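*Asks:* Could you have a look at this structure, given as structure tokens, before my questions?
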Amino acid sequence: MKALIISLILVFLSFILFSQEANYDESEVPDYKLPQLLVSKSGKEIKTKNQWLKDRRAEILIDFQEEMFGRVPGELKFSGIGLMEENNSAVNGKAVRRQIRLFFNRNEKEIYIDVLMYLPKTPKPVPVFLGLNFLGNQTVYNDPEIYITNSYIINNSELGITEHKATGQSRGGKAYRWGVEKLINSGIGLVTACCGDIDPDRDDFIDGVHPMFYKEGQTEPLPDEWGTIAAWAWGLSRIMDYLETVKEVDSEKIVVLGHSRLGKTALWAGAADQRFAAVISNDSGCGGAALSKRAFGETIGSINQAFPHWFCGNFKKYGNNEAELPFDQHMLIALIAPRPVYIASAFDDQWADPKGEYLSGYYATEVYRLFGLKGLESPDPPQINSPIMGSVSYHIREGEHDLKEFDLDQYIKFVELFVIK
Ligand code: GTR
């Protein structure tokens, strides 16, 4: 009886805590103190890029690994590659389309990642955009030859996705986000895979890559081990392993990008794996580019409640307790330095805290300065639809939470300026 009463009280208390309305009022943002980027844990001031790389970067990376995204518990490379399909005159004859299956085996389990590539036909190895998609490769371009994913995906009634399964109705349904023809015409390739191939986006750890690492009797990752976002980022690194073997791809010019939860994923992939040449975060919000300590719009408490599987177990302790966080998202951006990073927001996407997304880039800029690079120099965000281009780039676009043509146009320009050069 006593236990029942205690658990009822706990349920009631967590309801009160987590059902707090989101704050959208700048004057209600709590006073917060961001941990310093340029002072190491032992109190040493970081004055040079070498000190940053040697003394500071690694300790920040470990904090994000252990307290937020979760550690990858072991090594696993692809065990085989299957060429599923290839066509040398895709996109009106301008590109090669290739569909590849990467196999992973361990613990008597197998997963595979289906990778779709469009590579412009040029004599030189090409730069590529690499990003995961939400709903299957068939959604990224209206091309009847793309295999329809079998993976568990989130429902989308507009694209006829019910029961978490894609059908032909979803073909090309998100083509506007990827601009395949525009990329090909700019000499940039596209490489993508469905996030559900790596780990289905649902609150369990019984499928996808996680169980492949379980010790006997284990049913979920340990508190400091990977959640779903870290698993997706791991998948991006495995696709990178593969791209390093593709002769038409310039593996020094692979730009990782993503929208929303997959924008959080792109940031973490780019922070953890320095092979990515640049990172683009589109409307990544809480757990992505937005500063957590501002608690504006979506908070750690609300994200952990709605998506308990995205981050590691240890991250739960910071819900409604942002002051205790030993880091904030400006440090995630700084981990990418000196590689260029683009942070984008949308004005109607206040849930993602556009100002907090800008500020993390602004505060991270001091690390870029150690490398002699420029980023976001003003504490005030720019006007709507007025991109700032630098090693840390930013724009806030009018309109809703999405990746629109305006966003993609800026990303192409950014990559031309800072990656292709
Ligand atoms: C929302 C979530 C955001 C964002 C978004 C998305 O429901 O609160 O953090 O990731 O989903 O991925 O579309």
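Numbering starts fresh at 1 for the residues of each chain in the structure tokens, the chains themselves are lettered A, B, ... in the order given, and ligands are numbered from 1 as they appear.
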Taking a cut-off of 9 Å and counting only C-alpha atoms and all ligand atoms, can you build a table that, for each residue of chain A near ligand 1, reports the nearest atom pair and how far apart they are in Å (one decimal), sorted by chain then residue number, as CSV?
*Replies:*
residue,atom,partner,partner_atom_place_in_ligand_line,distance
A:Phe134,CA,ligand 1,12 (O),8.8
A:His259,CA,ligand 1,12 (O),7.0
A:Ser260,CA,ligand 1,12 (O),4.2
A:Arg261,CA,ligand 1,10 (O),3.6
A:Leu262,CA,ligand 1,12 (O),6.5
A:Gly263,CA,ligand 1,10 (O),7.8
A:Lys264,CA,ligand 1,10 (O),7.5
A:Asp283,CA,ligand 1,4 (C),7.9
A:Ser284,CA,ligand 1,10 (O),6.3
A:Gly285,CA,ligand 1,9 (O),6.0
A:Cys286,CA,ligand 1,9 (O),5.6
A:Gly287,CA,ligand 1,9 (O),7.2
A:Gly288,CA,ligand 1,9 (O),8.2
A:Glu298,CA,ligand 1,8 (O),6.4
A:Thr299,CA,ligand 1,8 (O),8.9
A:Ser302,CA,ligand 1,8 (O),7.8
A:Ile303,CA,ligand 1,8 (O),6.0
A:Ala306,CA,ligand 1,8 (O),7.3
A:Phe307,CA,ligand 1,8 (O),8.0
A:Trp351,CA,ligand 1,8 (O),7.5
A:Ala352,CA,ligand 1,9 (O),7.0
A:His401,CA,ligand 1,13 (O),7.8
A:Asp402,CA,ligand 1,13 (O),8.1
*Asks:* Within 6 Å of stretch 98-109 of chain A, counting only C-alpha atoms, which residues qualify if same-chain residues fewer than 4 places away don't, as a PyMOL selection string?
*Replies:* chain A and resi 78-86+113-117+212
*Asks:* Could you pull the residues within 10 Å of A:Lys41, counting only C-alpha atoms, minus those fewer than 6 positions along the same chain, as a PyMOL selection string?
*Replies:* chain A and resi 55-56+59-60
*Asks:* Name the residues in contact with A:Val341 at a cut-off of 7 Å, using only C-alpha atoms, excluding same-chain residues fewer than 5 positions from it; report them as a list in words.
*Replies:* Ala278, Val279, Ile280, Ser391, Val392 and Ser393 of chain A
*Asks:* Output N, CA, C and O atoms of each residue in that selection to a file, as a PDB file, in the first residue's frame.
*Replies:*
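Once everything was written out, this is part.pdb:
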ATOM      1  N   ALA A 278      32.246  19.086 -43.253  1.00  0.00           N
ATOM      2  CA  ALA A 278      31.404  20.190 -42.787  1.00  0.00           C
ATOM      3  C   ALA A 278      30.088  19.600 -42.302  1.00  0.00           C
ATOM      4  O   ALA A 278      29.760  18.445 -42.618  1.00  0.00           O
ATOM      5  N   VAL A 279      29.351  20.406 -41.529  1.00  0.00           N
ATOM      6  CA  VAL A 279      28.090  19.923 -40.947  1.00  0.00           C
ATOM      7  C   VAL A 279      27.000  20.964 -41.196  1.00  0.00           C
ATOM      8  O   VAL A 279      27.241  22.161 -41.041  1.00  0.00           O
ATOM      9  N   ILE A 280      25.813  20.485 -41.555  1.00  0.00           N
ATOM     10  CA  ILE A 280      24.663  21.377 -41.744  1.00  0.00           C
ATOM     11  C   ILE A 280      23.519  20.892 -40.866  1.00  0.00           C
ATOM     12  O   ILE A 280      23.082  19.747 -40.977  1.00  0.00           O
ATOM     13  N   SER A 391      32.718  30.555 -41.342  1.00  0.00           N
ATOM     14  CA  SER A 391      33.018  29.183 -40.920  1.00  0.00           C
ATOM     15  C   SER A 391      31.924  28.671 -39.993  1.00  0.00           C
ATOM     16  O   SER A 391      31.676  27.467 -39.908  1.00  0.00           O
ATOM     17  N   VAL A 392      31.284  29.598 -39.258  1.00  0.00           N
ATOM     18  CA  VAL A 392      30.003  29.269 -38.610  1.00  0.00           C
ATOM     19  C   VAL A 392      28.970  30.107 -39.350  1.00  0.00           C
ATOM     20  O   VAL A 392      29.028  31.339 -39.303  1.00  0.00           O
ATOM     21  N   SER A 393      28.066  29.470 -40.064  1.00  0.00           N
ATOM     22  CA  SER A 393      27.055  30.182 -40.857  1.00  0.00           C
ATOM     23  C   SER A 393      25.698  30.027 -40.196  1.00  0.00           C
ATOM     24  O   SER A 393      25.464  29.070 -39.439  1.00  0.00           O
TER      25      SER A 393
END
*Asks:* Where does DSSP see strand (DSSP E) in stretch 213-409 of chain A, if you list the residues as a ChimeraX atom specification?
*Replies:* /A:249-259,278-282,341-346,392-397
*Asks:* Might you pull out every residue within 12 Å of A:Phe69, with only C-alpha atoms counted and same-chain residues fewer than 5 positions away left off, and present them as a tab-separated table (two decimals) with N, CA and C atoms, in the first residue's frame?
*Replies:*
chain	number	residue	atom	x	y	z
A	61	LEU	N	34.15	16.18	-25.61
A	61	LEU	CA	33.59	15.07	-26.37
A	61	LEU	C	33.12	13.95	-25.42
A	62	ILE	N	33.94	13.67	-24.41
A	62	ILE	CA	33.58	12.61	-23.46
A	62	ILE	C	32.32	12.98	-22.68
A	63	ASP	N	32.20	14.26	-22.29
A	63	ASP	CA	30.97	14.68	-21.59
A	63	ASP	C	29.73	14.41	-22.44
A	64	PHE	N	29.79	14.80	-23.72
A	64	PHE	CA	28.63	14.57	-24.59
A	64	PHE	C	28.37	13.08	-24.77
A	221	PRO	N	20.58	-0.50	-23.61
A	221	PRO	CA	21.93	0.03	-23.39
A	221	PRO	C	22.13	0.47	-21.93
A	222	LEU	N	23.37	0.46	-21.45
A	222	LEU	CA	23.68	0.96	-20.11
A	222	LEU	C	23.43	2.48	-20.08
A	223	PRO	N	23.35	3.09	-18.89
A	223	PRO	CA	23.01	4.52	-18.81
A	223	PRO	C	23.94	5.45	-19.59
A	224	ASP	N	25.20	5.02	-19.79
A	224	ASP	CA	26.10	5.90	-20.56
A	224	ASP	C	26.28	5.39	-21.99
A	225	GLU	N	25.47	4.44	-22.40
A	225	GLU	CA	25.59	3.92	-23.77
A	225	GLU	C	24.53	4.52	-24.69
A	226	TRP	N	24.79	4.41	-25.95
A	226	TRP	CA	24.06	5.08	-27.02
A	226	TRP	C	22.55	4.96	-27.01
A	227	GLY	N	21.92	6.11	-27.25
A	227	GLY	CA	20.50	6.13	-27.58
A	227	GLY	C	20.35	6.06	-29.09
A	228	THR	N	19.16	6.37	-29.55
A	228	THR	CA	18.88	6.23	-30.99
A	228	THR	C	19.64	7.25	-31.83
A	229	ILE	N	19.77	8.49	-31.34
A	229	ILE	CA	20.48	9.50	-32.14
A	229	ILE	C	21.94	9.10	-32.34
A	230	ALA	N	22.57	8.60	-31.27
A	230	ALA	CA	23.97	8.16	-31.41
A	230	ALA	C	24.07	6.97	-32.36
A	231	ALA	N	23.05	6.12	-32.37
A	231	ALA	CA	23.05	4.98	-33.30
A	231	ALA	C	22.95	5.49	-34.74
A	232	TRP	N	22.08	6.47	-34.96
A	232	TRP	CA	21.97	7.02	-36.31
A	232	TRP	C	23.30	7.66	-36.74
A	233	ALA	N	23.93	8.38	-35.79
A	233	ALA	CA	25.22	9.03	-36.12
A	233	ALA	C	26.27	7.96	-36.42
A	234	TRP	N	26.23	6.88	-35.67
A	234	TRP	CA	27.13	5.75	-35.94
A	234	TRP	C	26.92	5.26	-37.38
A	264	LYS	N	19.99	17.01	-35.33
A	264	LYS	CA	20.71	16.71	-34.09
A	264	LYS	C	21.74	15.61	-34.41
A	265	THR	N	21.26	14.63	-35.19
A	265	THR	CA	22.11	13.49	-35.55
A	265	THR	C	23.33	13.94	-36.37
A	267	LEU	N	24.76	16.85	-36.35
A	267	LEU	CA	25.71	17.57	-35.49
A	267	LEU	C	26.56	16.59	-34.69
A	268	TRP	N	25.89	15.59	-34.13
A	268	TRP	CA	26.65	14.64	-33.31
A	268	TRP	C	27.60	13.80	-34.18
A	269	ALA	N	27.14	13.42	-35.36
A	269	ALA	CA	28.01	12.65	-36.27
A	269	ALA	C	29.24	13.48	-36.62
A	271	ALA	N	30.50	16.05	-34.97
A	271	ALA	CA	31.33	16.33	-33.79
A	271	ALA	C	32.20	15.12	-33.47
A	272	ALA	N	31.62	13.94	-33.55
A	272	ALA	CA	32.32	12.73	-33.10
A	272	ALA	C	33.28	12.19	-34.16
A	287	GLY	N	18.58	19.66	-28.05
A	287	GLY	CA	19.45	18.48	-28.25
A	287	GLY	C	20.26	18.57	-29.53
A	288	GLY	N	20.02	19.66	-30.29
A	288	GLY	CA	20.79	19.91	-31.51
A	288	GLY	C	21.57	21.19	-31.30
A	304	ASN	N	12.94	14.38	-23.31
A	304	ASN	CA	13.16	13.07	-22.70
A	304	ASN	C	11.84	12.35	-22.45
A	308	PRO	N	12.03	9.13	-25.14
A	308	PRO	CA	12.99	8.67	-24.13
A	308	PRO	C	14.16	7.91	-24.72
A	309	HIS	N	14.01	7.45	-25.95
A	309	HIS	CA	15.05	6.61	-26.56
A	309	HIS	C	16.11	7.42	-27.32
A	310	TRP	N	15.91	8.71	-27.52
A	310	TRP	CA	16.85	9.46	-28.36
A	310	TRP	C	18.22	9.64	-27.72
A	311	PHE	N	18.20	9.92	-26.40
A	311	PHE	CA	19.48	10.20	-25.71
A	311	PHE	C	19.76	9.08	-24.71
A	312	CYS	N	20.92	9.11	-24.10
A	312	CYS	CA	21.28	8.01	-23.20
A	312	CYS	C	20.57	8.17	-21.85
A	313	GLY	N	20.61	7.11	-21.06
A	313	GLY	CA	19.95	7.11	-19.76
A	313	GLY	C	20.41	8.26	-18.87
A	314	ASN	N	21.72	8.54	-18.89
A	314	ASN	CA	22.25	9.61	-18.03
A	314	ASN	C	21.64	10.97	-18.31
A	315	PHE	N	21.16	11.19	-19.53
A	315	PHE	CA	20.63	12.51	-19.89
A	315	PHE	C	19.31	12.81	-19.15
A	316	LYS	N	18.68	11.76	-18.65
A	316	LYS	CA	17.39	11.94	-17.96
A	316	LYS	C	17.55	12.85	-16.74
A	332	LEU	N	28.92	21.61	-28.44
A	332	LEU	CA	28.74	20.62	-29.51
A	332	LEU	C	29.18	21.25	-30.85
*Asks:* Please identify all polymer residues within 12 Å of A:Arg171, counting only C-alpha atoms, omitting same-chain residues fewer than 6 positions from it, and present them as a PDB file with N, CA and C atoms, in the first residue's frame.
*Replies:*
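And here's selection30.pdb as it stands now:
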ATOM      1  N   LEU A 135      11.779   8.743 -44.054  1.00  0.00           N
ATOM      2  CA  LEU A 135      10.672   7.913 -44.541  1.00  0.00           C
ATOM      3  C   LEU A 135      11.050   6.959 -45.675  1.00  0.00           C
ATOM      4  N   GLY A 136      12.349   6.817 -45.900  1.00  0.00           N
ATOM      5  CA  GLY A 136      12.778   5.878 -46.946  1.00  0.00           C
ATOM      6  C   GLY A 136      13.383   6.593 -48.134  1.00  0.00           C
ATOM      7  N   ASN A 137      14.314   5.891 -48.798  1.00  0.00           N
ATOM      8  CA  ASN A 137      15.014   6.489 -49.944  1.00  0.00           C
ATOM      9  C   ASN A 137      14.056   6.877 -51.063  1.00  0.00           C
ATOM     10  N   GLN A 138      12.945   6.155 -51.171  1.00  0.00           N
ATOM     11  CA  GLN A 138      12.007   6.434 -52.280  1.00  0.00           C
ATOM     12  C   GLN A 138      11.375   7.819 -52.161  1.00  0.00           C
ATOM     13  N   THR A 139      11.500   8.450 -50.983  1.00  0.00           N
ATOM     14  CA  THR A 139      10.868   9.774 -50.823  1.00  0.00           C
ATOM     15  C   THR A 139      11.751  10.912 -51.325  1.00  0.00           C
ATOM     16  N   VAL A 140      13.052  10.652 -51.550  1.00  0.00           N
ATOM     17  CA  VAL A 140      13.967  11.789 -51.779  1.00  0.00           C
ATOM     18  C   VAL A 140      13.985  12.281 -53.224  1.00  0.00           C
ATOM     19  N   TYR A 141      13.442  11.454 -54.156  1.00  0.00           N
ATOM     20  CA  TYR A 141      13.445  11.876 -55.562  1.00  0.00           C
ATOM     21  C   TYR A 141      12.384  11.061 -56.274  1.00  0.00           C
ATOM     22  N   ASN A 142      11.727  11.700 -57.228  1.00  0.00           N
ATOM     23  CA  ASN A 142      10.671  10.976 -57.925  1.00  0.00           C
ATOM     24  C   ASN A 142      11.284  10.117 -59.027  1.00  0.00           C
ATOM     25  N   ASP A 143      11.691   8.934 -58.640  1.00  0.00           N
ATOM     26  CA  ASP A 143      12.401   8.045 -59.554  1.00  0.00           C
ATOM     27  C   ASP A 143      11.882   6.625 -59.270  1.00  0.00           C
ATOM     28  N   PRO A 144      11.165   6.044 -60.229  1.00  0.00           N
ATOM     29  CA  PRO A 144      10.522   4.741 -59.985  1.00  0.00           C
ATOM     30  C   PRO A 144      11.497   3.597 -59.734  1.00  0.00           C
ATOM     31  N   GLU A 145      12.785   3.836 -59.990  1.00  0.00           N
ATOM     32  CA  GLU A 145      13.779   2.765 -59.790  1.00  0.00           C
ATOM     33  C   GLU A 145      14.272   2.664 -58.345  1.00  0.00           C
ATOM     34  N   ILE A 146      13.920   3.630 -57.525  1.00  0.00           N
ATOM     35  CA  ILE A 146      14.412   3.571 -56.129  1.00  0.00           C
ATOM     36  C   ILE A 146      13.620   2.510 -55.363  1.00  0.00           C
ATOM     37  N   TYR A 147      14.329   1.658 -54.661  1.00  0.00           N
ATOM     38  CA  TYR A 147      13.660   0.634 -53.849  1.00  0.00           C
ATOM     39  C   TYR A 147      12.889   1.286 -52.712  1.00  0.00           C
ATOM     40  N   ILE A 148      11.699   0.772 -52.478  1.00  0.00           N
ATOM     41  CA  ILE A 148      10.877   1.285 -51.370  1.00  0.00           C
ATOM     42  C   ILE A 148      11.347   0.610 -50.082  1.00  0.00           C
ATOM     43  N   THR A 149      11.550   1.412 -49.056  1.00  0.00           N
ATOM     44  CA  THR A 149      12.092   0.839 -47.814  1.00  0.00           C
ATOM     45  C   THR A 149      11.122  -0.147 -47.174  1.00  0.00           C
ATOM     46  N   GLU A 158      -0.210  11.991 -45.254  1.00  0.00           N
ATOM     47  CA  GLU A 158      -0.108  12.639 -46.568  1.00  0.00           C
ATOM     48  C   GLU A 158       0.592  11.743 -47.596  1.00  0.00           C
ATOM     49  N   LEU A 159       1.600  11.015 -47.118  1.00  0.00           N
ATOM     50  CA  LEU A 159       2.362  10.142 -48.029  1.00  0.00           C
ATOM     51  C   LEU A 159       1.870   8.694 -47.978  1.00  0.00           C
ATOM     52  N   GLY A 160       0.688   8.512 -47.390  1.00  0.00           N
ATOM     53  CA  GLY A 160       0.081   7.168 -47.365  1.00  0.00           C
ATOM     54  C   GLY A 160       0.838   6.193 -46.481  1.00  0.00           C
ATOM     55  N   ILE A 161       1.582   6.708 -45.502  1.00  0.00           N
ATOM     56  CA  ILE A 161       2.330   5.795 -44.620  1.00  0.00           C
ATOM     57  C   ILE A 161       1.514   5.581 -43.348  1.00  0.00           C
TER      58      ILE A 161
END
*Asks:* I need the residues in stretch 37-273 of chain A that are helix (DSSP H, G or I) according to DSSP; give them as a ChimeraX atom specification.
*Replies:* /A:49-69,90-93,137-139,157-159,168-170,175-178,180-185,195-198,210-213,228-243,261-272
*Asks:* What is the distance between atom CA of A:Leu335 and atom CA of A:Arg57, in Å to one decimal?
*Replies:*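 Between atom CA of A:Leu335 and atom CA of A:Arg57 the gap works out to 6.4 Å.
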*Asks:* Between A:Pro379, A:Pro326, A:Gly93, A:Gly356, which has the minimum distance to A:Leu34 (counting only C-alpha atoms)?
*Replies:* A:Pro326
*Asks:* Considering only C-alpha atoms, state which residue in the set A:Val39, A:Ala289, A:Ile46, A:Val180 is at the smallest distance from A:Leu370.
*Replies:* A:Ile46
*Asks:* Which residue is closest to A:Val255? Choose from A:Gly372, A:Gly131, A:Pro73, A:Gly179 and count only C-alpha atoms.
*Replies:* A:Gly131
*Asks:* Using only C-alpha atoms, which residue out of A:Thr365, A:Gln305, A:Gln218, A:Ser378 lies closest to A:Gly319?
*Replies:* A:Gln305
*Asks:* Could you give me, as a list of chain:residue names, the residues within 9 Å of A:Leu359, counting only C-alpha atoms and dropping anything in the same chain fewer than 5 positions from it?
*Replies:*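 Close residues of A:Leu359: A:Ala289, A:Ala290, A:Leu291, A:His330, A:Pro354, A:Ala364, A:Leu376, A:Pro379, A:Asp380, A:Pro381.
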*Asks:* For a test of reading the model, state the distance in Å between atom CA of A:Leu37 and atom CA of A:Ala277, rounded to one decimal.
*Replies:*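 Computing the Euclidean distance for atom CA of A:Leu37 and atom CA of A:Ala277 yields 22.0 Å.
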*Asks:* Expressed in Å to a single decimal, how great is the separation between atom CA of A:Ile254 and atom CA of A:Pro125?
*Replies:*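 Between atom CA of A:Ile254 and atom CA of A:Pro125 the gap is 11.1 Å.
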*Asks:* So, with only C-alpha atoms as the atoms that count, which of A:Phe213, A:Phe327, A:Tyr368, A:Tyr318 lies closest to A:Leu76?
*Replies:*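 Answer, going by the shortest atom-to-atom distance: A:Phe213.
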